[in-house]
file target22.cif (mmCIF, C-alpha atoms)
data_model
loop_
_atom_site.label_atom_id
_atom_site.label_comp_id
_atom_site.auth_asym_id
_atom_site.auth_seq_id
_atom_site.Cartn_x
_atom_site.Cartn_y
_atom_site.Cartn_z
CA MET W 1 143.38 82.13 112.35
CA ILE W 2 144.59 83.38 108.96
CA ARG W 3 143.20 80.25 107.33
CA GLY W 4 139.80 80.95 108.94
CA TRP W 5 139.74 84.52 107.64
CA PHE W 6 140.84 83.29 104.22
CA LEU W 7 138.00 80.74 104.10
CA ALA W 8 135.47 83.31 105.31
CA GLY W 9 136.62 85.76 102.61
CA PHE W 10 136.48 83.05 99.96
CA PHE W 11 132.94 82.15 101.06
CA VAL W 12 131.77 85.78 100.83
CA ILE W 13 133.30 86.21 97.36
CA SER W 14 131.70 82.93 96.23
CA VAL W 15 128.28 84.09 97.41
CA ILE W 16 128.67 87.43 95.61
CA VAL W 17 129.76 85.75 92.37
CA ALA W 18 126.89 83.25 92.57
CA ALA W 19 124.38 86.06 93.15
CA GLN W 20 125.70 87.98 90.15
CA GLU W 21 125.54 84.89 87.95
CA LYS W 22 121.86 84.44 88.81
CA MET W 23 120.95 88.00 87.81
CA GLN W 24 118.03 88.04 85.43
CA ALA W 25 118.76 89.02 81.85
CA VAL W 26 115.96 91.41 80.85
CA PRO W 27 115.31 91.54 77.10
CA ALA W 28 115.68 95.02 75.58
CA ASP W 29 112.21 94.78 74.01
CA TYR W 30 110.63 94.75 77.51
CA GLY W 31 110.89 98.54 77.39
CA TYR W 32 112.16 99.13 80.91
CA ILE W 33 114.04 102.28 81.92
CA VAL W 34 115.01 100.79 85.30
CA LYS W 35 117.60 98.02 85.57
CA ILE W 36 118.17 94.97 87.73
CA GLY W 37 120.31 95.95 90.73
CA GLN W 38 119.14 99.58 90.71
CA GLN W 39 117.39 101.10 93.74
CA VAL W 40 113.65 101.42 93.19
CA PRO W 41 112.75 105.03 92.42
CA ASP W 42 111.10 106.83 95.33
CA PHE W 43 107.55 107.95 94.64
CA SER W 44 104.21 108.19 96.40
CA MET W 45 101.01 106.58 95.22
CA LYS W 46 97.41 107.01 96.28
CA LEU W 47 95.46 103.81 96.82
CA THR W 48 91.79 103.43 95.92
CA ASP W 49 90.92 103.67 99.64
CA GLY W 50 92.60 107.09 99.81
CA LYS W 51 95.71 105.96 101.69
CA VAL W 52 99.03 107.33 100.38
CA VAL W 53 102.00 104.94 100.23
CA LYS W 54 105.59 106.08 99.74
CA MET W 55 108.26 103.71 98.41
CA SER W 56 110.82 104.80 100.99
CA ASP W 57 108.41 103.69 103.75
CA LEU W 58 108.44 100.15 102.31
CA LYS W 59 112.20 99.61 102.63
CA GLY W 60 112.81 96.45 104.64
CA ARG W 61 110.01 94.59 102.85
CA VAL W 62 109.92 92.47 99.72
CA LEU W 63 107.81 94.48 97.31
CA MET W 64 105.89 93.58 94.16
CA LEU W 65 104.66 96.36 91.91
CA GLN W 66 102.16 95.17 89.30
CA PHE W 67 101.43 97.62 86.50
CA THR W 68 97.96 97.20 85.07
CA ALA W 69 94.93 98.82 83.41
CA SER W 70 91.27 97.83 82.99
CA TRP W 71 91.53 97.78 79.18
CA CYS W 72 94.52 95.38 79.27
CA GLY W 73 93.47 91.82 78.42
CA VAL W 74 96.83 90.31 79.42
CA CYS W 75 96.61 92.08 82.80
CA ARG W 76 93.16 90.57 83.37
CA LYS W 77 94.58 87.13 82.55
CA GLU W 78 97.54 87.53 84.93
CA MET W 79 95.78 89.10 87.92
CA PRO W 80 93.97 85.97 89.19
CA HIS W 81 97.35 84.19 89.23
CA ILE W 82 98.90 87.03 91.21
CA GLU W 83 95.97 86.88 93.63
CA LYS W 84 96.17 83.10 94.13
CA ASP W 85 99.87 82.32 93.83
CA ILE W 86 101.35 85.43 95.46
CA TRP W 87 98.91 87.66 97.34
CA LEU W 88 96.88 85.03 99.18
CA ARG W 89 100.07 83.18 100.13
CA HIS W 90 101.99 86.21 101.41
CA LYS W 91 99.50 88.95 102.33
CA ASP W 92 99.93 88.26 106.05
CA HIS W 93 103.73 88.09 105.88
CA PRO W 94 105.06 91.17 107.70
CA ASP W 95 107.94 91.53 105.21
CA PHE W 96 105.82 91.54 102.04
CA ALA W 97 103.88 94.21 100.16
CA LEU W 98 102.08 94.08 96.81
CA TYR W 99 100.48 96.97 94.95
CA GLY W 100 98.76 96.99 91.61
CA ILE W 101 99.31 100.35 89.91
CA ASP W 102 96.60 101.25 87.42
CA LEU W 103 97.77 103.32 84.47
CA ASP W 104 95.91 106.62 84.05
CA GLU W 105 92.32 105.65 84.88
CA PRO W 106 89.84 107.35 87.25
CA LEU W 107 89.12 106.03 90.74
CA GLU W 108 85.67 104.61 89.95
CA LYS W 109 86.99 102.64 86.99
CA VAL W 110 89.94 101.24 88.99
CA VAL W 111 87.67 100.15 91.86
CA ARG W 112 85.28 98.45 89.41
CA PHE W 113 88.22 96.82 87.60
CA GLY W 114 89.59 95.33 90.83
CA ARG W 115 86.18 93.97 91.74
CA GLU W 116 85.60 92.50 88.25
CA ALA W 117 89.08 90.94 88.24
CA GLY W 118 88.34 89.31 91.60
CA ILE W 119 91.46 90.63 93.30
CA THR W 120 91.84 91.72 96.91
CA TYR W 121 95.33 93.20 96.82
CA PRO W 122 95.54 97.01 96.95
CA LEU W 123 95.32 99.05 93.78
CA ALA W 124 96.90 102.47 93.33
CA LEU W 125 96.06 105.27 90.92
CA ASP W 126 98.62 106.55 88.43
CA PRO W 127 97.11 109.68 86.86
CA GLY W 128 98.97 110.62 83.72
CA GLY W 129 101.20 107.55 84.06
CA SER W 130 103.89 109.37 86.04
CA ILE W 131 104.74 106.24 88.05
CA PHE W 132 104.57 103.90 85.06
CA TYR W 133 106.86 106.10 82.96
CA THR W 134 109.40 106.18 85.79
CA PHE W 135 109.85 102.44 85.10
CA ALA W 136 109.02 102.01 81.41
CA GLU W 137 109.65 103.80 78.14
CA LYS W 138 106.95 105.97 76.57
CA GLY W 139 104.73 103.78 74.45
CA ALA W 140 105.71 100.58 76.29
CA GLY W 141 103.00 98.03 77.04
CA VAL W 142 101.44 98.10 80.48
CA THR W 143 101.56 94.46 81.67
CA ARG W 144 104.68 94.24 83.84
CA ASN W 145 105.83 93.41 87.36
CA VAL W 146 108.75 94.77 89.37
CA ILE W 147 110.13 92.81 92.32
CA VAL W 148 112.15 94.74 94.91
CA ASP W 149 114.21 93.18 97.70
CA LYS W 150 114.32 94.32 101.34
CA THR W 151 117.17 96.75 100.61
CA GLY W 152 115.09 98.55 97.97
CA ARG W 153 116.98 97.03 95.05
CA ILE W 154 115.14 95.89 91.90
CA VAL W 155 115.78 92.16 91.53
CA PHE W 156 113.28 90.90 88.93
CA LEU W 157 111.29 92.37 86.03
CA THR W 158 108.54 90.77 83.95
CA ARG W 159 106.66 91.72 80.81
CA LEU W 160 103.34 90.31 79.61
CA PHE W 161 102.18 87.04 81.18
CA ARG W 162 104.47 84.16 80.40
CA GLU W 163 103.86 81.18 82.65
CA ASP W 164 107.54 80.21 82.95
CA GLU W 165 108.54 83.77 83.81
CA PHE W 166 105.63 84.03 86.26
CA ARG W 167 106.73 80.81 88.03
CA GLU W 168 110.26 82.17 88.24
CA MET W 169 108.92 85.41 89.74
CA VAL W 170 106.98 83.43 92.37
CA GLN W 171 110.18 81.54 93.24
CA VAL W 172 112.12 84.81 93.54
CA ILE W 173 109.52 86.21 95.95
CA ASP W 174 109.49 82.98 97.98
CA ARG W 175 113.28 82.96 98.15
CA LEU W 176 113.42 86.62 99.24
CA LEU W 177 110.86 85.91 101.96
CA GLY W 178 112.61 82.69 103.00
CA VAL W 179 109.49 80.54 102.61
CA ASP W 180 109.11 76.94 101.50
CA GLN W 181 108.51 76.91 97.75
CA LYS W 182 106.47 73.70 97.69
CA PRO W 183 102.80 74.28 96.76
CA GLY W 184 100.48 74.70 99.72
CA ARG W 185 103.32 75.03 102.26
CA GLU W 186 104.92 77.99 103.97
#

call {"tool": "encode", "arguments": {"input": "target22.cif", "output": "structure tokens"}}
result
Amino acid sequence: MIRGWFLAGFFVISVIVAAQEKMQAVPADYGYIVKIGQQVPDFSMKLTDGKVVKMSDLKGRVLMLQFTASWCGVCRKEMPHIEKDIWLRHKDHPDFALYGIDLDEPLEKVVRFGREAGITYPLALDPGGSIFYTFAEKGAGVTRNVIVDKTGRIVFLTRLFREDEFREMVQVIDRLLGVDQKPGRE
């Protein structure tokens, strides 16, 4: 009996240590205010269809927040990949949510931007950048993604569009959702 409890305790500690070892190291020049392991800040955002979404209502789901703007060339390059490799694969998964958050642009421009970019995932408005600057330093570049686990904890942060980092982000999302990571299979 004692041996069983000892082995169970050892297993739990091993899992915790392994999880901590796999924590992403986020470069300081990414300009984030938030940190890996921190709870996602609670805020509300208004989508282009008028619906209001609150972060606290999304707890229990794997969440991807994609910060973007119509004038951002890197964002435009990344968005088709998000659409194809993440959104279209997981949009029907009940434990997944993805929101693009457009930095300080009017509704009409954001709607047109989404259409031009060819994306179907929901876009939110961020007038004045209040949401963006909850996550990033003043003056920081816009292209970034925040991945949040089902407990509301930030688990992965990206900056710009680097293919290796993007692939790693896709794997993190797949792992959090418990889906097969082989292309074309779920």

call {"tool": "closest_atom_pairs", "arguments": {"input": "target22.cif", "of": "stretch 44-135 of chain W", "to": "stretch 168-172 of chain W", "cutoff": "10 Å", "atoms": "all atoms listed in the file", "output": "tab-separated table"}}
result
residue	atom	partner	partner_atom	distance
W:Met64	CA	W:Met169	CA	9.8
W:Ile82	CA	W:Val170	CA	8.9
W:Asp85	CA	W:Val170	CA	7.3
W:Ile86	CA	W:Val170	CA	6.7

call {"tool": "residues_around", "arguments": {"input": "target22.cif", "residues": "W:Tyr30", "least_positions_apart": "2", "cutoff": "9 Å", "atoms": "only C-alpha atoms", "output": "number ranges by chain"}}
result
W: 26-28, 32, 136, 140-141, 144, 157-160

call {"tool": "resolve_selection", "arguments": {"input": "target22.cif", "expression": "the PyMOL selection byres ((chain W and resi 104-120) around 9)", "output": "NGL selection string"}}
result
:W and (48 or 69-70 or 76-77 or 79-80 or 82-84 or 87-88 or 102-103 or 121-130)

call {"tool": "closest_residue", "arguments": {"input": "target22.cif", "among": "W:Pro94, W:Gly50, W:Gly178, W:Gly100", "to": "W:Glu78", "atoms": "all atoms listed in the file"}}
result
W:Gly100

call {"tool": "residues_near_point", "arguments": {"input": "target22.cif", "point": "(118.3, 94.1, 90.4)", "cutoff": "7 Å", "atoms": "all atoms listed in the file", "output": "PyMOL selection string"}}
result
chain W and resi 35-38+153-156

call {"tool": "atom_distance", "arguments": {"input": "target22.cif", "atom1": "atom CA of W:Lys46", "atom2": "atom CA of W:Tyr99"}}
result
10.6 Å

call {"tool": "atom_distance", "arguments": {"input": "target22.cif", "atom1": "atom CA of W:Phe132", "atom2": "atom CA of W:Asn145"}}
result
10.8 Å

call {"tool": "resolve_selection", "arguments": {"input": "target22.cif", "expression": "the PyMOL selection byres ((chain W and resi 63) around 9)", "output": "VMD selection string"}}
result
chain W and resid 58 to 59 61 to 62 64 to 65 95 to 99 146 to 150 152 173

call {"tool": "atom_distance", "arguments": {"input": "target22.cif", "atom1": "atom CA of W:Gly31", "atom2": "atom CA of W:Asp174"}}
result
25.8 Å

call {"tool": "closest_residue", "arguments": {"input": "target22.cif", "among": "W:Asp92, W:Asp57, W:Glu137, W:Asp180", "to": "W:Thr151", "atoms": "only C-alpha atoms"}}
result
W:Asp57

call {"tool": "axis_aligned_box", "arguments": {"input": "target22.cif", "around": "stretch 51-59 of chain W", "padding_each_side": "8 Å", "output": "AutoDock Vina command-line options"}}
result
--center_x 104.0 --center_y 103.5 --center_z 101.1 --size_x 32.5 --size_y 23.7 --size_z 21.3

call {"tool": "closest_residue", "arguments": {"input": "target22.cif", "among": "W:Arg167, W:His93, W:Thr134, W:Thr68", "to": "W:Phe43", "atoms": "all atoms listed in the file"}}
result
W:Thr134

call {"tool": "closest_residue", "arguments": {"input": "target22.cif", "among": "W:Lys54, W:Phe67, W:Leu177, W:Asp29", "to": "W:Phe135", "atoms": "only C-alpha atoms"}}
result
W:Phe67

call {"tool": "decode", "arguments": {"input": "target22.cif", "residues": "stretch 76-87 of chain W", "atoms": "all heavy atoms", "output": "PDB file, in the first residue's frame"}}
result
ATOM      1  N   ARG W  76      -1.143  39.603 -42.353  1.00  0.00           N
ATOM      2  CA  ARG W  76      -1.783  39.116 -43.587  1.00  0.00           C
ATOM      3  C   ARG W  76      -1.120  37.842 -44.092  1.00  0.00           C
ATOM      4  O   ARG W  76      -1.780  36.967 -44.650  1.00  0.00           O
ATOM      5  CB  ARG W  76      -1.734  40.194 -44.672  1.00  0.00           C
ATOM      6  CG  ARG W  76      -2.698  41.336 -44.414  1.00  0.00           C
ATOM      7  CD  ARG W  76      -2.627  42.377 -45.530  1.00  0.00           C
ATOM      8  NE  ARG W  76      -3.579  43.436 -45.333  1.00  0.00           N
ATOM      9  CZ  ARG W  76      -4.831  43.433 -45.788  1.00  0.00           C
ATOM     10  NH1 ARG W  76      -5.260  42.392 -46.464  1.00  0.00           N
ATOM     11  NH2 ARG W  76      -5.641  44.447 -45.560  1.00  0.00           N
ATOM     12  N   LYS W  77       0.184  37.720 -43.883  1.00  0.00           N
ATOM     13  CA  LYS W  77       0.903  36.500 -44.296  1.00  0.00           C
ATOM     14  C   LYS W  77       0.531  35.320 -43.395  1.00  0.00           C
ATOM     15  O   LYS W  77       0.373  34.194 -43.866  1.00  0.00           O
ATOM     16  CB  LYS W  77       2.417  36.748 -44.236  1.00  0.00           C
ATOM     17  CG  LYS W  77       3.249  35.564 -44.639  1.00  0.00           C
ATOM     18  CD  LYS W  77       4.734  35.878 -44.574  1.00  0.00           C
ATOM     19  CE  LYS W  77       5.562  34.656 -44.917  1.00  0.00           C
ATOM     20  NZ  LYS W  77       6.994  34.897 -44.793  1.00  0.00           N
ATOM     21  N   GLU W  78       0.366  35.572 -42.102  1.00  0.00           N
ATOM     22  CA  GLU W  78       0.099  34.500 -41.141  1.00  0.00           C
ATOM     23  C   GLU W  78      -1.358  34.015 -41.162  1.00  0.00           C
ATOM     24  O   GLU W  78      -1.631  32.827 -40.954  1.00  0.00           O
ATOM     25  CB  GLU W  78       0.446  34.992 -39.736  1.00  0.00           C
ATOM     26  CG  GLU W  78       0.205  33.948 -38.656  1.00  0.00           C
ATOM     27  CD  GLU W  78       0.422  34.476 -37.259  1.00  0.00           C
ATOM     28  OE1 GLU W  78      -0.174  35.504 -36.896  1.00  0.00           O
ATOM     29  OE2 GLU W  78       1.198  33.831 -36.530  1.00  0.00           O
ATOM     30  N   MET W  79      -2.291  34.913 -41.404  1.00  0.00           N
ATOM     31  CA  MET W  79      -3.708  34.592 -41.250  1.00  0.00           C
ATOM     32  C   MET W  79      -4.195  33.417 -42.102  1.00  0.00           C
ATOM     33  O   MET W  79      -4.965  32.584 -41.599  1.00  0.00           O
ATOM     34  CB  MET W  79      -4.557  35.835 -41.461  1.00  0.00           C
ATOM     35  CG  MET W  79      -4.387  36.824 -40.314  1.00  0.00           C
ATOM     36  SD  MET W  79      -5.130  38.430 -40.598  1.00  0.00           S
ATOM     37  CE  MET W  79      -6.820  38.083 -40.118  1.00  0.00           C
ATOM     38  N   PRO W  80      -3.789  33.269 -43.351  1.00  0.00           N
ATOM     39  CA  PRO W  80      -4.230  32.086 -44.110  1.00  0.00           C
ATOM     40  C   PRO W  80      -3.746  30.768 -43.480  1.00  0.00           C
ATOM     41  O   PRO W  80      -4.438  29.751 -43.559  1.00  0.00           O
ATOM     42  CB  PRO W  80      -3.615  32.292 -45.497  1.00  0.00           C
ATOM     43  CG  PRO W  80      -3.371  33.766 -45.590  1.00  0.00           C
ATOM     44  CD  PRO W  80      -3.057  34.212 -44.197  1.00  0.00           C
ATOM     45  N   HIS W  81      -2.595  30.801 -42.840  1.00  0.00           N
ATOM     46  CA  HIS W  81      -2.082  29.608 -42.157  1.00  0.00           C
ATOM     47  C   HIS W  81      -2.921  29.300 -40.920  1.00  0.00           C
ATOM     48  O   HIS W  81      -3.205  28.132 -40.628  1.00  0.00           O
ATOM     49  CB  HIS W  81      -0.609  29.793 -41.767  1.00  0.00           C
ATOM     50  CG  HIS W  81       0.296  29.942 -42.938  1.00  0.00           C
ATOM     51  ND1 HIS W  81       0.789  28.869 -43.646  1.00  0.00           N
ATOM     52  CD2 HIS W  81       0.784  31.059 -43.547  1.00  0.00           C
ATOM     53  CE1 HIS W  81       1.552  29.298 -44.633  1.00  0.00           C
ATOM     54  NE2 HIS W  81       1.564  30.627 -44.598  1.00  0.00           N
ATOM     55  N   ILE W  82      -3.293  30.341 -40.188  1.00  0.00           N
ATOM     56  CA  ILE W  82      -4.166  30.145 -39.028  1.00  0.00           C
ATOM     57  C   ILE W  82      -5.494  29.561 -39.487  1.00  0.00           C
ATOM     58  O   ILE W  82      -6.011  28.612 -38.890  1.00  0.00           O
ATOM     59  CB  ILE W  82      -4.381  31.475 -38.262  1.00  0.00           C
ATOM     60  CG1 ILE W  82      -3.068  31.918 -37.616  1.00  0.00           C
ATOM     61  CG2 ILE W  82      -5.489  31.329 -37.211  1.00  0.00           C
ATOM     62  CD1 ILE W  82      -3.105  33.328 -37.028  1.00  0.00           C
ATOM     63  N   GLU W  83      -6.041  30.115 -40.555  1.00  0.00           N
ATOM     64  CA  GLU W  83      -7.315  29.629 -41.105  1.00  0.00           C
ATOM     65  C   GLU W  83      -7.222  28.146 -41.455  1.00  0.00           C
ATOM     66  O   GLU W  83      -8.055  27.344 -41.026  1.00  0.00           O
ATOM     67  CB  GLU W  83      -7.685  30.455 -42.347  1.00  0.00           C
ATOM     68  CG  GLU W  83      -8.920  29.988 -43.067  1.00  0.00           C
ATOM     69  CD  GLU W  83     -10.226  30.409 -42.424  1.00  0.00           C
ATOM     70  OE1 GLU W  83     -10.221  31.249 -41.499  1.00  0.00           O
ATOM     71  OE2 GLU W  83     -11.277  29.910 -42.843  1.00  0.00           O
ATOM     72  N   LYS W  84      -6.205  27.792 -42.232  1.00  0.00           N
ATOM     73  CA  LYS W  84      -6.081  26.417 -42.748  1.00  0.00           C
ATOM     74  C   LYS W  84      -5.613  25.417 -41.692  1.00  0.00           C
ATOM     75  O   LYS W  84      -6.197  24.347 -41.548  1.00  0.00           O
ATOM     76  CB  LYS W  84      -5.091  26.418 -43.926  1.00  0.00           C
ATOM     77  CG  LYS W  84      -4.787  25.050 -44.506  1.00  0.00           C
ATOM     78  CD  LYS W  84      -3.787  25.187 -45.647  1.00  0.00           C
ATOM     79  CE  LYS W  84      -3.081  23.914 -45.965  1.00  0.00           C
ATOM     80  NZ  LYS W  84      -1.970  23.605 -45.074  1.00  0.00           N
ATOM     81  N   ASP W  85      -4.571  25.753 -40.972  1.00  0.00           N
ATOM     82  CA  ASP W  85      -3.930  24.777 -40.087  1.00  0.00           C
ATOM     83  C   ASP W  85      -4.528  24.713 -38.688  1.00  0.00           C
ATOM     84  O   ASP W  85      -4.285  23.746 -37.965  1.00  0.00           O
ATOM     85  CB  ASP W  85      -2.432  25.083 -39.964  1.00  0.00           C
ATOM     86  CG  ASP W  85      -1.721  24.969 -41.302  1.00  0.00           C
ATOM     87  OD1 ASP W  85      -2.172  24.183 -42.163  1.00  0.00           O
ATOM     88  OD2 ASP W  85      -0.713  25.675 -41.502  1.00  0.00           O
ATOM     89  N   ILE W  86      -5.300  25.729 -38.306  1.00  0.00           N
ATOM     90  CA  ILE W  86      -5.870  25.744 -36.953  1.00  0.00           C
ATOM     91  C   ILE W  86      -7.390  25.854 -37.004  1.00  0.00           C
ATOM     92  O   ILE W  86      -8.105  24.965 -36.549  1.00  0.00           O
ATOM     93  CB  ILE W  86      -5.245  26.871 -36.103  1.00  0.00           C
ATOM     94  CG1 ILE W  86      -3.735  26.642 -35.968  1.00  0.00           C
ATOM     95  CG2 ILE W  86      -5.917  26.937 -34.725  1.00  0.00           C
ATOM     96  CD1 ILE W  86      -2.970  27.793 -35.363  1.00  0.00           C
ATOM     97  N   TRP W  87      -7.909  26.937 -37.562  1.00  0.00           N
ATOM     98  CA  TRP W  87      -9.348  27.184 -37.521  1.00  0.00           C
ATOM     99  C   TRP W  87     -10.159  26.091 -38.224  1.00  0.00           C
ATOM    100  O   TRP W  87     -11.094  25.529 -37.646  1.00  0.00           O
ATOM    101  CB  TRP W  87      -9.666  28.557 -38.097  1.00  0.00           C
ATOM    102  CG  TRP W  87     -11.137  28.852 -38.113  1.00  0.00           C
ATOM    103  CD1 TRP W  87     -11.920  29.047 -39.224  1.00  0.00           C
ATOM    104  CD2 TRP W  87     -12.006  28.992 -36.987  1.00  0.00           C
ATOM    105  NE1 TRP W  87     -13.212  29.292 -38.842  1.00  0.00           N
ATOM    106  CE2 TRP W  87     -13.293  29.260 -37.469  1.00  0.00           C
ATOM    107  CE3 TRP W  87     -11.821  28.892 -35.607  1.00  0.00           C
ATOM    108  CZ2 TRP W  87     -14.392  29.452 -36.640  1.00  0.00           C
ATOM    109  CZ3 TRP W  87     -12.915  29.089 -34.766  1.00  0.00           C
ATOM    110  CH2 TRP W  87     -14.168  29.357 -35.283  1.00  0.00           C
TER     111      TRP W  87
END
